[in-house]
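Chemist: Data: work.cif, mmCIF, C-alpha atoms.
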```
data_work
#
loop_
_atom_site.label_atom_id
_atom_site.label_comp_id
_atom_site.auth_asym_id
_atom_site.auth_seq_id
_atom_site.Cartn_x
_atom_site.Cartn_y
_atom_site.Cartn_z
CA MET A 1 -33.31 -52.34 -21.54
CA ASN A 2 -30.22 -50.33 -22.54
CA TYR A 3 -28.87 -49.16 -25.88
CA ILE A 4 -25.08 -48.77 -25.87
CA ASP A 5 -22.78 -48.42 -28.88
CA GLY A 6 -25.18 -49.97 -31.36
CA VAL A 7 -26.15 -52.87 -29.07
CA LEU A 8 -29.63 -53.22 -27.57
CA HIS A 9 -29.28 -55.06 -24.25
CA ILE A 10 -32.47 -56.76 -23.04
CA GLU A 11 -32.33 -57.73 -19.36
CA SER A 12 -33.65 -60.93 -17.87
CA PHE A 13 -37.20 -59.80 -17.00
CA LEU A 14 -37.93 -58.52 -20.49
CA ALA A 15 -36.21 -61.55 -22.03
CA VAL A 16 -38.57 -63.88 -20.16
CA THR A 17 -41.55 -61.72 -21.13
CA LEU A 18 -40.54 -61.86 -24.78
CA GLY A 19 -40.00 -65.61 -24.46
CA ILE A 20 -43.61 -65.99 -23.31
CA ILE A 21 -44.78 -63.88 -26.25
CA VAL A 22 -42.72 -66.09 -28.59
CA LEU A 23 -44.44 -69.17 -27.16
CA PHE A 24 -47.87 -67.71 -27.93
CA ILE A 25 -46.73 -66.71 -31.41
CA GLY A 26 -45.57 -70.29 -31.98
CA ARG A 27 -48.88 -71.60 -30.67
CA ARG A 28 -50.87 -69.38 -33.02
CA LEU A 29 -48.64 -70.40 -35.94
CA THR A 30 -49.20 -74.07 -35.12
CA GLN A 31 -52.95 -73.57 -34.84
CA ALA A 32 -52.97 -71.86 -38.24
CA SER A 33 -50.65 -74.31 -40.02
CA TYR A 34 -51.71 -77.86 -40.87
CA TRP A 35 -48.10 -78.83 -41.63
CA LEU A 36 -46.73 -77.64 -38.29
CA ARG A 37 -49.38 -79.70 -36.49
CA GLU A 38 -49.10 -82.72 -38.74
CA PHE A 39 -45.32 -82.98 -38.39
CA SER A 40 -45.28 -82.20 -34.66
CA ILE A 41 -43.01 -79.16 -34.91
CA PRO A 42 -42.62 -77.81 -31.34
CA GLU A 43 -44.44 -74.51 -30.80
CA PRO A 44 -41.42 -72.69 -29.30
CA VAL A 45 -39.40 -73.66 -32.37
CA SER A 46 -41.72 -72.07 -34.94
CA GLY A 47 -42.15 -68.93 -32.83
CA GLY A 48 -38.47 -68.68 -31.86
CA ILE A 49 -37.15 -69.03 -35.40
CA LEU A 50 -39.63 -66.43 -36.68
CA ILE A 51 -38.56 -63.88 -34.04
CA SER A 52 -34.84 -64.54 -34.57
CA ILE A 53 -35.36 -63.84 -38.29
CA ALA A 54 -37.20 -60.63 -37.37
CA PHE A 55 -34.24 -59.53 -35.22
CA ALA A 56 -31.87 -60.34 -38.09
CA ILE A 57 -33.93 -58.12 -40.42
CA LEU A 58 -33.89 -55.39 -37.76
CA HIS A 59 -30.09 -55.65 -37.66
CA TYR A 60 -29.72 -55.31 -41.42
CA VAL A 61 -32.13 -52.36 -41.58
CA THR A 62 -30.87 -50.42 -38.53
CA ASN A 63 -27.42 -51.99 -37.85
CA VAL A 64 -28.55 -52.64 -34.25
CA ASP A 65 -27.41 -55.80 -32.46
CA VAL A 66 -29.84 -57.36 -29.97
CA GLN A 67 -28.39 -59.18 -26.97
CA PHE A 68 -30.36 -60.93 -24.21
CA GLU A 69 -29.59 -61.61 -20.56
CA LEU A 70 -30.38 -65.34 -20.36
CA ALA A 71 -29.70 -66.28 -16.73
CA THR A 72 -33.40 -67.03 -16.16
CA ARG A 73 -33.44 -69.22 -19.27
CA ASP A 74 -30.68 -71.36 -17.78
CA LEU A 75 -32.64 -71.69 -14.52
CA LEU A 76 -35.64 -72.92 -16.52
CA LEU A 77 -33.44 -75.71 -17.90
CA VAL A 78 -32.66 -76.80 -14.33
CA TYR A 79 -36.38 -76.78 -13.50
CA PHE A 80 -37.17 -78.86 -16.54
CA PHE A 81 -34.65 -81.63 -15.97
CA THR A 82 -35.55 -81.79 -12.30
CA THR A 83 -39.14 -82.60 -13.31
CA ILE A 84 -37.83 -85.39 -15.56
CA GLY A 85 -35.97 -86.84 -12.57
CA ILE A 86 -39.05 -86.58 -10.34
CA ASN A 87 -41.10 -88.49 -12.92
CA ALA A 88 -38.47 -91.20 -13.46
CA SER A 89 -39.08 -94.69 -12.11
CA LEU A 90 -36.09 -96.94 -11.46
CA ALA A 91 -38.33 -99.91 -12.21
CA ASP A 92 -39.00 -98.47 -15.66
CA LEU A 93 -35.31 -97.68 -16.04
CA PHE A 94 -34.32 -101.27 -15.28
CA LYS A 95 -36.90 -102.46 -17.77
CA GLY A 96 -35.42 -100.02 -20.26
CA GLY A 97 -31.86 -101.09 -19.53
CA LYS A 98 -31.39 -102.83 -22.87
CA PRO A 99 -32.83 -99.93 -24.94
CA LEU A 100 -30.61 -97.54 -22.95
CA ILE A 101 -27.50 -99.55 -23.82
CA ILE A 102 -28.59 -99.84 -27.47
CA LEU A 103 -29.23 -96.10 -27.82
CA LEU A 104 -25.98 -95.22 -26.05
CA SER A 105 -23.92 -97.60 -28.19
CA ILE A 106 -25.45 -96.37 -31.45
CA THR A 107 -25.06 -92.73 -30.42
CA ILE A 108 -21.36 -93.13 -29.57
CA GLY A 109 -20.81 -94.89 -32.89
CA TYR A 110 -22.71 -92.11 -34.62
CA MET A 111 -20.48 -89.52 -32.97
CA LEU A 112 -17.49 -91.05 -34.75
CA ILE A 113 -19.43 -90.99 -38.02
CA GLN A 114 -20.45 -87.37 -37.44
CA ASN A 115 -16.84 -86.24 -37.13
CA ILE A 116 -15.70 -88.30 -40.10
CA THR A 117 -18.56 -86.81 -42.15
CA GLY A 118 -17.72 -83.25 -41.16
CA ILE A 119 -14.01 -83.65 -41.89
CA GLY A 120 -14.67 -85.47 -45.17
CA ILE A 121 -17.12 -82.91 -46.56
CA ALA A 122 -14.93 -80.01 -45.44
CA THR A 123 -12.00 -81.56 -47.31
CA LEU A 124 -14.12 -81.94 -50.45
CA LEU A 125 -15.02 -78.23 -50.16
CA ASP A 126 -11.31 -77.30 -49.87
CA GLN A 127 -11.83 -76.23 -46.28
CA PRO A 128 -9.45 -77.09 -43.42
CA ALA A 129 -10.10 -80.41 -41.68
CA ALA A 130 -10.52 -78.44 -38.45
CA PHE A 131 -13.52 -76.70 -40.09
CA GLY A 132 -15.16 -80.11 -40.48
CA LEU A 133 -14.34 -81.14 -36.92
CA LEU A 134 -15.97 -77.94 -35.65
CA SER A 135 -19.04 -78.89 -37.71
CA GLY A 136 -19.07 -82.34 -36.09
CA THR A 137 -19.53 -83.38 -32.47
CA VAL A 138 -17.88 -80.19 -31.21
CA SER A 139 -20.92 -78.12 -32.17
CA LEU A 140 -23.70 -80.53 -33.17
CA ILE A 141 -23.96 -83.23 -30.52
CA GLY A 142 -21.88 -80.99 -28.25
CA GLY A 143 -24.00 -77.88 -28.73
CA HIS A 144 -23.10 -74.24 -28.07
CA GLY A 145 -21.40 -74.95 -24.74
CA THR A 146 -18.97 -77.49 -26.16
CA ALA A 147 -18.33 -75.32 -29.22
CA ILE A 148 -17.45 -72.33 -27.04
CA ALA A 149 -15.18 -74.49 -24.86
CA TRP A 150 -13.26 -76.22 -27.68
CA ALA A 151 -13.18 -73.62 -30.48
CA PRO A 152 -10.30 -71.56 -28.99
CA LYS A 153 -8.18 -74.70 -28.54
CA ILE A 154 -8.88 -75.93 -32.07
CA GLY A 155 -8.33 -72.45 -33.51
CA GLU A 156 -4.96 -72.19 -31.81
CA ALA A 157 -3.89 -75.73 -32.74
CA PHE A 158 -4.72 -75.29 -36.43
CA ASP A 159 -4.21 -71.53 -36.84
CA LEU A 160 -7.91 -71.08 -37.67
CA ASP A 161 -8.94 -67.54 -36.75
CA THR A 162 -12.64 -68.15 -37.41
CA ALA A 163 -12.88 -71.27 -35.22
CA MET A 164 -15.29 -69.69 -32.72
CA GLU A 165 -17.52 -68.32 -35.48
CA ILE A 166 -17.59 -71.71 -37.25
CA GLY A 167 -18.47 -73.52 -34.02
CA ILE A 168 -21.23 -71.09 -33.05
CA ALA A 169 -22.68 -71.02 -36.58
CA SER A 170 -22.71 -74.82 -36.82
CA ALA A 171 -24.33 -75.18 -33.40
CA THR A 172 -26.96 -72.56 -34.26
CA PHE A 173 -27.97 -73.93 -37.66
CA GLY A 174 -27.77 -77.47 -36.28
CA LEU A 175 -30.20 -76.50 -33.52
CA ILE A 176 -32.69 -75.31 -36.13
CA LEU A 177 -32.42 -78.53 -38.14
CA ALA A 178 -32.69 -80.66 -35.00
CA SER A 179 -35.83 -78.81 -33.96
CA ILE A 180 -37.68 -79.65 -37.17
CA MET A 181 -36.49 -83.20 -37.85
CA GLY A 182 -37.78 -85.19 -34.86
CA GLY A 183 -41.51 -84.82 -35.52
CA PRO A 184 -41.38 -85.84 -39.21
CA ILE A 185 -39.21 -88.88 -38.38
CA ALA A 186 -41.70 -90.05 -35.74
CA LYS A 187 -44.69 -89.40 -38.01
CA PHE A 188 -43.11 -91.43 -40.81
CA LEU A 189 -42.35 -94.38 -38.55
CA ILE A 190 -45.70 -94.30 -36.71
CA ASN A 191 -47.74 -94.15 -39.92
CA LYS A 192 -45.66 -96.67 -41.85
CA HIS A 193 -45.74 -99.29 -39.10
CA LYS A 194 -49.19 -98.32 -37.71
CA LEU A 195 -47.81 -97.85 -34.21
CA THR A 196 -49.73 -96.92 -31.08
CA PRO A 197 -48.73 -96.78 -27.40
CA THR A 198 -49.01 -100.20 -25.77
CA LYS A 199 -50.67 -98.67 -22.70
CA HIS A 200 -52.00 -95.35 -21.47
CA GLU A 201 -49.31 -93.45 -19.54
CA GLU A 202 -49.52 -90.15 -17.72
CA MET A 203 -47.69 -87.41 -19.58
CA ASP A 204 -44.17 -86.47 -18.52
CA ILE A 205 -44.49 -83.07 -20.23
CA GLY A 206 -47.76 -81.21 -20.80
CA THR A 207 -51.00 -82.97 -21.68
CA LYS A 208 -52.19 -85.08 -24.58
CA GLN A 209 -53.99 -82.93 -27.15
CA SER A 210 -56.94 -85.29 -27.60
CA GLU A 211 -57.71 -85.63 -23.87
CA PRO A 212 -59.52 -83.28 -21.46
CA GLN A 213 -57.16 -80.94 -19.63
CA PRO A 214 -56.58 -81.97 -15.98
CA ARG A 215 -57.75 -79.68 -13.20
CA ILE A 216 -54.88 -78.28 -11.11
CA ASN A 217 -55.43 -76.04 -8.11
CA ALA A 218 -52.98 -73.63 -6.47
CA TYR A 219 -51.82 -76.16 -3.88
CA ASP A 220 -51.18 -78.81 -6.52
CA PHE A 221 -48.94 -76.33 -8.31
CA LEU A 222 -47.13 -75.21 -5.15
CA ASP A 223 -46.68 -78.83 -4.07
CA ALA A 224 -44.92 -79.54 -7.36
CA VAL A 225 -42.78 -76.37 -7.05
CA LEU A 226 -41.75 -77.36 -3.51
CA ALA A 227 -40.73 -80.84 -4.66
CA ILE A 228 -38.71 -79.34 -7.51
CA HIS A 229 -36.93 -76.93 -5.16
CA ILE A 230 -36.06 -79.74 -2.75
CA CYS A 231 -34.51 -81.68 -5.61
CA ILE A 232 -32.62 -78.61 -6.89
CA ILE A 233 -31.15 -78.04 -3.40
CA LEU A 234 -29.97 -81.67 -3.26
CA GLY A 235 -28.76 -81.41 -6.86
CA ALA A 236 -26.70 -78.31 -6.03
CA ILE A 237 -25.11 -80.13 -3.08
CA LEU A 238 -24.32 -83.12 -5.32
CA ASN A 239 -22.87 -80.79 -7.93
CA GLU A 240 -20.53 -79.14 -5.44
CA THR A 241 -19.49 -82.52 -4.03
CA ILE A 242 -18.71 -83.90 -7.49
CA ALA A 243 -16.86 -80.69 -8.44
CA SER A 244 -14.68 -80.99 -5.33
CA ALA A 245 -13.71 -84.46 -6.57
CA GLY A 246 -12.52 -82.96 -9.87
CA LEU A 247 -15.48 -83.79 -12.13
CA GLU A 248 -17.43 -80.90 -13.63
CA LEU A 249 -21.08 -81.59 -14.50
CA PRO A 250 -23.82 -79.15 -15.50
CA LEU A 251 -26.17 -78.34 -12.62
CA PHE A 252 -29.18 -79.67 -14.52
CA VAL A 253 -27.58 -83.14 -14.67
CA THR A 254 -27.12 -83.44 -10.91
CA CYS A 255 -30.62 -82.05 -10.34
CA LEU A 256 -31.95 -84.74 -12.71
CA PHE A 257 -30.20 -87.38 -10.58
CA ALA A 258 -31.47 -85.78 -7.37
CA GLY A 259 -35.03 -86.07 -8.65
CA ILE A 260 -34.50 -89.73 -9.52
CA LEU A 261 -33.01 -90.47 -6.09
CA ILE A 262 -35.74 -88.80 -4.07
CA SER A 263 -38.59 -90.16 -6.19
CA ASN A 264 -37.34 -93.72 -5.93
CA LEU A 265 -35.70 -93.93 -2.49
CA VAL A 266 -38.20 -92.04 -0.31
CA PRO A 267 -41.25 -94.24 0.47
CA ALA A 268 -44.52 -93.00 -1.00
CA SER A 269 -46.10 -93.23 2.46
CA TYR A 270 -43.48 -90.94 4.01
CA PRO A 271 -45.32 -88.05 5.74
CA ARG A 272 -45.04 -84.66 4.05
CA LEU A 273 -45.93 -81.16 5.19
CA THR A 274 -48.29 -80.82 2.24
CA GLY A 275 -50.35 -83.83 3.32
CA THR A 276 -50.01 -85.34 -0.14
CA ARG A 277 -47.80 -88.02 -1.67
CA TRP A 278 -44.66 -87.08 -3.59
CA PRO A 279 -45.88 -85.55 -6.88
CA SER A 280 -44.19 -87.98 -9.25
CA ARG A 281 -46.12 -88.18 -12.55
CA LYS A 282 -48.77 -85.76 -11.35
CA PRO A 283 -50.30 -83.26 -13.81
CA ALA A 284 -48.79 -80.27 -11.96
CA VAL A 285 -45.25 -81.56 -12.53
CA ALA A 286 -46.02 -82.22 -16.20
CA LEU A 287 -47.40 -78.67 -16.49
CA ILE A 288 -44.26 -77.11 -15.00
CA ALA A 289 -42.11 -79.26 -17.28
CA ASP A 290 -44.05 -77.99 -20.29
CA ILE A 291 -43.72 -74.35 -19.19
CA ALA A 292 -39.99 -74.61 -18.42
CA LEU A 293 -39.06 -76.47 -21.61
CA GLY A 294 -41.19 -74.25 -23.85
CA ALA A 295 -39.87 -71.01 -22.40
CA PHE A 296 -36.26 -72.25 -22.44
CA LEU A 297 -36.38 -73.30 -26.07
CA ALA A 298 -38.28 -70.16 -27.15
CA MET A 299 -35.67 -67.93 -25.48
CA SER A 300 -32.80 -69.97 -26.95
CA LEU A 301 -34.09 -69.71 -30.50
CA MET A 302 -35.24 -66.09 -30.37
CA SER A 303 -31.79 -65.01 -29.12
CA MET A 304 -29.88 -66.51 -32.06
CA GLN A 305 -27.84 -63.78 -33.75
CA LEU A 306 -28.31 -65.02 -37.29
CA TRP A 307 -26.70 -61.93 -38.82
CA ALA A 308 -23.36 -62.88 -37.23
CA LEU A 309 -23.38 -66.28 -38.96
CA ILE A 310 -24.28 -65.48 -42.56
CA ASP A 311 -20.68 -65.14 -43.79
CA LEU A 312 -20.02 -68.79 -42.90
CA ALA A 313 -23.37 -70.11 -44.08
CA GLY A 314 -22.25 -71.53 -47.46
CA PRO A 315 -19.88 -74.37 -46.48
CA ILE A 316 -21.68 -74.93 -43.19
CA PHE A 317 -25.00 -75.46 -44.98
CA VAL A 318 -23.40 -78.10 -47.21
CA ILE A 319 -21.80 -79.93 -44.27
CA LEU A 320 -24.94 -79.75 -42.15
CA GLY A 321 -27.07 -80.89 -45.09
CA VAL A 322 -25.04 -84.09 -45.28
CA GLN A 323 -25.04 -84.42 -41.48
CA PHE A 324 -28.83 -84.09 -41.52
CA ILE A 325 -29.22 -86.92 -44.07
CA VAL A 326 -26.85 -89.17 -42.12
CA ALA A 327 -28.72 -88.54 -38.85
CA VAL A 328 -32.11 -89.31 -40.40
CA CYS A 329 -30.78 -92.56 -41.90
CA ILE A 330 -29.26 -93.62 -38.55
CA ALA A 331 -32.58 -92.99 -36.78
CA ILE A 332 -34.78 -94.80 -39.30
CA PHE A 333 -32.58 -97.67 -40.43
CA ILE A 334 -30.52 -98.44 -37.31
CA ILE A 335 -32.06 -97.12 -34.08
CA PHE A 336 -35.68 -97.94 -34.88
CA PRO A 337 -35.10 -101.59 -35.92
CA LEU A 338 -32.62 -102.33 -33.12
CA MET A 339 -35.01 -100.95 -30.51
CA GLY A 340 -37.78 -103.27 -31.64
CA LYS A 341 -39.81 -101.20 -34.13
CA THR A 342 -42.22 -100.19 -31.34
CA TYR A 343 -44.01 -96.94 -30.55
CA ASP A 344 -41.41 -96.28 -27.85
CA ALA A 345 -38.69 -96.72 -30.47
CA ALA A 346 -40.38 -94.16 -32.75
CA VAL A 347 -40.49 -91.58 -29.93
CA VAL A 348 -36.82 -92.29 -29.14
CA CYS A 349 -36.01 -91.67 -32.82
CA ALA A 350 -37.70 -88.26 -32.54
CA GLY A 351 -35.46 -87.58 -29.56
CA PHE A 352 -32.40 -88.75 -31.47
CA GLY A 353 -33.17 -86.05 -34.03
CA GLY A 354 -32.61 -83.53 -31.26
CA ILE A 355 -29.52 -85.29 -29.93
CA SER A 356 -27.81 -85.67 -33.28
CA LEU A 357 -27.74 -82.04 -34.44
CA GLY A 358 -29.03 -80.01 -31.54
CA SER A 359 -29.21 -80.29 -27.79
CA THR A 360 -30.83 -82.18 -24.94
CA PRO A 361 -33.73 -79.68 -24.64
CA THR A 362 -34.33 -79.98 -28.39
CA ALA A 363 -34.53 -83.76 -28.08
CA MET A 364 -37.04 -83.43 -25.25
CA ALA A 365 -39.11 -80.85 -27.15
CA ASN A 366 -39.25 -83.14 -30.19
CA MET A 367 -40.46 -86.05 -28.07
CA SER A 368 -42.91 -83.85 -26.18
CA ALA A 369 -44.54 -82.68 -29.40
CA VAL A 370 -44.88 -86.28 -30.59
CA ALA A 371 -46.16 -87.54 -27.22
CA GLN A 372 -48.79 -84.80 -26.98
CA LYS A 373 -50.14 -85.83 -30.37
CA TYR A 374 -49.89 -89.63 -30.28
CA GLY A 375 -49.41 -90.63 -26.64
CA ASN A 376 -46.69 -90.72 -24.01
CA SER A 377 -43.62 -92.97 -23.76
CA HIS A 378 -42.09 -93.03 -20.28
CA GLN A 379 -39.27 -95.20 -21.59
CA ALA A 380 -38.22 -92.56 -24.13
CA PHE A 381 -38.36 -89.76 -21.56
CA ILE A 382 -36.08 -91.75 -19.24
CA ILE A 383 -33.41 -93.14 -21.54
CA VAL A 384 -32.98 -90.18 -23.94
CA PRO A 385 -32.05 -87.57 -21.27
CA LEU A 386 -29.73 -90.06 -19.55
CA VAL A 387 -27.92 -90.68 -22.84
CA CYS A 388 -27.72 -87.09 -24.07
CA ALA A 389 -27.44 -85.21 -20.77
CA PHE A 390 -24.72 -87.34 -19.21
CA PHE A 391 -23.04 -90.10 -21.20
CA ILE A 392 -22.61 -88.12 -24.43
CA ASP A 393 -20.65 -85.31 -22.78
CA LEU A 394 -18.27 -87.84 -21.24
CA ALA A 395 -17.80 -89.62 -24.58
CA ASN A 396 -17.32 -86.34 -26.43
CA ALA A 397 -14.59 -85.30 -24.01
CA LEU A 398 -12.60 -88.32 -25.25
CA ILE A 399 -13.63 -88.27 -28.92
CA ILE A 400 -12.77 -84.62 -29.65
CA PRO A 401 -9.10 -84.87 -28.52
CA TYR A 402 -8.75 -88.10 -30.51
CA PHE A 403 -9.88 -86.40 -33.72
CA ILE A 404 -7.70 -83.36 -33.03
CA GLY A 405 -4.74 -85.72 -32.95
CA PHE A 406 -6.03 -87.58 -35.99
CA ILE A 407 -6.15 -84.49 -38.24
CA SER A 408 -2.98 -82.89 -36.89
#
```
What does this structure look like when you write it as C-alpha cells?
Modeler:
Amino acid sequence: MNYIDGVLHIESFLAVTLGIIVLFIGRRLTQASYWLREFSIPEPVSGGILISIAFAILHYVTNVDVQFELATRDLLLVYFFTTIGINASLADLFKGGKPLIILLSITIGYMLIQNITGIGIATLLDQPAAFGLLSGTVSLIGGHGTAIAWAPKIGEAFDLDTAMEIGIASATFGLILASIMGGPIAKFLINKHKLTPTKHEEMDIGTKQSEPQPRINAYDFLDAVLAIHICIILGAILNETIASAGLELPLFVTCLFAGILISNLVPASYPRLTGTRWPSRKPAVALIADIALGAFLAMSLMSMQLWALIDLAGPIFVILGVQFIVAVCIAIFIIFPLMGKTYDAAVVCAGFGGISLGSTPTAMANMSAVAQKYGNSHQAFIIVPLVCAFFIDLANALIIPYFIGFIS
C-alpha cells in the first residue's frame, strides 16, 4: 500500500483481502436485514456498495483518492465463467435452444430501445444526443469496458469533453441498479404465479439455503481446481487462436467455451489422474463458482470511485431512472410471458436485470441469489451467460456505430 500525491494505492493482495472482508460485511448485513433476504439482494452487492460509500466519505473528509490493483479480480472472473462452462450440458443447451433464441432476440431489440431511450431523455433534458448514447448500450449493456473503449471516439466525434466521465458514471450507477433489480423482479413473478422448480437440480453456484451443506474434502476441492485450470489453459489457447484470426474476445468467454467442450466431448469414463469422474455439477465446482463470483463482484463494487461521478449525477440519474423502468417492464411483460411463464423464465428475468443495466457477473449474481433461495435453474445459468457474455458484445459492436451515424 502506497500513498503518493493524494492517492492511496492498494495492491492486489490487500485488495483481495478487503474484498473478502466486504463479502462478510454483506453477509452480516443480509443476515440482519429482512428486506435484503426477502428480495434476494446479492451479499457482495450490499457490502460492496456500503464500502464504496465509505471510501467516498473518506475522500470528501480527507481529499484522499483510493485506487485498487484489480488484476486478481479479473482472474476471478475467468475462474467463475470456467465453472459455468464445466457445469454446462449440451443436452440441456439443445433443450434450451428456443429460450436462448427468444432471450437473444428480445435483448437485441431491447438494445435498440435502450439507445433510443437514452437519446430521447437526454434531448428532453437539453443535453447532447451523444450524452444519451453514452447512457445507453455503450455503458449499460456494454459495461465499463465498452464505455472506456467507445467514449474517446464519441467524445471526439461530437466534441464532448466529458464523454469518458459520462460513460464511466453511467456504467457505475447502472451496475448498482442492476445489482438490486433482479431479485425483486424474480420474487414478484414467483409469488404472483406461485412458481416452483419443476425438478431438483444441483446448484451451479453455491448451495441452496434451505438444504444441508454438502461435505467437501481437500481432494474434492483440488480436483475441481485442476479441472478449472485445464479448461483455462485450453481457453487461453483458443483465445490466442481466435485473436490471430482477427477476432478479439475476452479470455473469460473462451474459457467458458473450453469448459463446455471438455465437459461434453470427453467421455465420463475417461481415466483421470485423480481417479474420479470429471467434476461437472459437483459441489466443489459450485463452491468455487460462489467464491469467485462473490469476490469479483465485491471488489468491483467496493472500488467504485463515487466521488468522481457526482458532478454528472443529475441528468444521469434521470436517464437511468427511465432506463430502469423500461428494463423492468421488458422483463415482466415481454421476456417472462414469451419464455413460458415458468420458474426458469423467472430466474432468467432476474438475470436480465443484470444484463440490461449492469454486466454479465451482475446477471449471474442476481440469478445465484434467487436460485439459492428458491431452487436452481440450469437452463437460466446456461442461456443467460451465452447471451450476455458473447452475442451481446457482437451485436453492440454493430449497434453503437449505427447510432453514432444516426445522431451525427
Chemist: Got a sec to resolve the PyMOL selection byres ((chain A and resi 154) around 9) on this structure and send the residues as number ranges by chain?
Modeler: A: 130, 133-134, 150-153, 155-160, 163-164, 404
Chemist: Would you kindly return, as a VMD selection string, each protein, DNA or RNA residue with an atom no farther than 12 Å from any atom of Ile176 in chain A, considering all atoms listed in the file and excluding same-chain residues fewer than 3 positions away?
Modeler: chain A and resid 41 to 42 44 to 50 52 to 53 140 143 169 to 173 179 to 182 297 to 298 300 to 302 304 306 317 320 to 321 324 353 to 354 356 to 359 362 to 363 366
Chemist: So that I can see what lies close to Val61 in chain A, please list as a list in words the residues with an atom at most 12 Å from it, counting all atoms listed in the file and leaving out residues fewer than 6 positions away in the same chain.
Modeler: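 Result of the neighbour search: Ala54, Phe55 and Trp307 of chain A.
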Chemist: Which one of A:Ala327, A:Met299, A:Ile168, A:Leu77 sits closest to Val253 in chain A if you count all atoms listed in the file?
Modeler: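 Once distances to Val253 in chain A are computed over all atoms listed in the file, the minimum belongs to A:Leu77.
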Chemist: Expanded to explicit residues, what is the PyMOL selection byres ((chain A and resi 185) around 8) for this file, as a PyMOL selection string?
Modeler: chain A and resi 181-184+186-189+328+331-332+346+349-350+353
Chemist: Run the PyMOL selection byres ((chain A and resi 25) around 10) against the file shown and list the residues it catches, as a ChimeraX atom specification.
Modeler: /A:19-24,26-31,43-44,46-48,50-51
Chemist: When distances are computed from all atoms listed in the file, which of A:Leu124, A:Leu256, A:Cys329, A:Leu75 shows the smallest separation from Leu386 in chain A?
Modeler: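 Using all atoms listed in the file, the shortest distance to Leu386 in chain A belongs to A:Leu256.
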Chemist: Once you count only C-alpha atoms, which residues end up no further than 9 Å from (-43.1, -91.9, -16.1) in the file's frame, shown as a ChimeraX atom specification?
Modeler: /A:84,86-89,92,201-204,280-281,376-379,381-382
Chemist: Rank nothing, just name the residue among A:Leu238, A:Leu398, A:Ala345, A:Ala245 nearest to Gly259 in chain A, using all atoms listed in the file.
Modeler: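 The shortest atom-to-atom distance to Gly259 in chain A comes from A:Leu238.
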Chemist: Need the neighbours of (-34.5, -58.8, -23.9): which residues are at most 10 Å away, counting all atoms listed in the file, as a list in words?
Modeler: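 Protein, DNA and RNA residues close to (-34.5, -58.8, -23.9): Met1, Asn2, Leu8, His9, Ile10, Glu11, Ser12, Phe13, Leu14, Ala15, Val16, Thr17, Leu18, Gly19, Val66, Gln67, Phe68, Glu69, Leu70, Met299, Met302 and Ser303 of chain A.
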Chemist: Name all residues at most 7 Å from Thr83 in chain A (count only C-alpha atoms; drop same-chain ones fewer than 6 positions away) and give them as a PyMOL selection string.
Modeler: chain A and resi 228+285+289
Chemist: Could you check which of A:Gln305, A:Thr82, A:Gln323, A:Ser135 is closest to Ala224 in chain A, using all atoms listed in the file?
Modeler: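 Among A:Gln305, A:Thr82, A:Gln323, A:Ser135, it is A:Thr82 that comes nearest to Ala224 in chain A.
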Chemist: One decimal, in Å: what's the spacing between CA of Gln372 in chain A and CA of Ile205 in chain A?
Modeler: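 Pair CA of Gln372 in chain A / CA of Ile205 in chain A returns 8.2 Å.
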Chemist: Between CA of Ile407 in chain A and CA of Pro128 in chain A, what is the spacing in Å?
Modeler: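 If I compute the distance from CA of Pro128 in chain A to CA of Ile407 in chain A, I get 9.6 Å.
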Chemist: My list of candidates is A:Pro337, A:Gly120, A:Pro267, A:Gly405. Which is closest to Val318 in chain A when distances are computed with only C-alpha atoms?
Modeler: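 Nearest candidate to Val318 in chain A out of A:Pro337, A:Gly120, A:Pro267, A:Gly405: A:Gly120.
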Chemist: Find the residues near Phe221 in chain A: any atom within 10 Å, counting all atoms listed in the file, skip ones fewer than 3 places away on the same chain, and give them as a PDB file with C-alpha atoms, in the coordinates of the input.
Modeler:
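So the final result, stored in part-v4.pdb, reads:
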```pdb
ATOM      1  CA  ILE A 216     -54.880 -78.280 -11.110  1.00  0.00           C
ATOM      2  CA  ASN A 217     -55.430 -76.040  -8.110  1.00  0.00           C
ATOM      3  CA  ALA A 218     -52.980 -73.630  -6.470  1.00  0.00           C
ATOM      4  CA  ALA A 224     -44.920 -79.540  -7.360  1.00  0.00           C
ATOM      5  CA  VAL A 225     -42.780 -76.370  -7.050  1.00  0.00           C
ATOM      6  CA  LEU A 226     -41.750 -77.360  -3.510  1.00  0.00           C
ATOM      7  CA  PRO A 279     -45.880 -85.550  -6.880  1.00  0.00           C
ATOM      8  CA  LYS A 282     -48.770 -85.760 -11.350  1.00  0.00           C
ATOM      9  CA  PRO A 283     -50.300 -83.260 -13.810  1.00  0.00           C
ATOM     10  CA  ALA A 284     -48.790 -80.270 -11.960  1.00  0.00           C
ATOM     11  CA  VAL A 285     -45.250 -81.560 -12.530  1.00  0.00           C
ATOM     12  CA  LEU A 287     -47.400 -78.670 -16.490  1.00  0.00           C
ATOM     13  CA  ILE A 288     -44.260 -77.110 -15.000  1.00  0.00           C
TER      14      ILE A 288
END
```
Chemist: Nearest to Arg73 in chain A: which of A:Ala395, A:Val347, A:Ala295, A:Pro361 is it, counting only C-alpha atoms?
Modeler: A:Ala295
Chemist: Please indicate the distance in Å from CA of Gly6 in chain A to CA of Ile57 in chain A, rounded to one decimal place.
Modeler: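 Taking CA of Gly6 in chain A as the start and CA of Ile57 in chain A as the end point, the length is 15.0 Å.
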Chemist: Counting all atoms listed in the file, what is within 9 Å of Met339 in chain A, bar same-chain residues fewer than 3 positions away, as a PyMOL selection string?
Modeler: chain A and resi 98-99+102-103+334-336+342+344-346+348
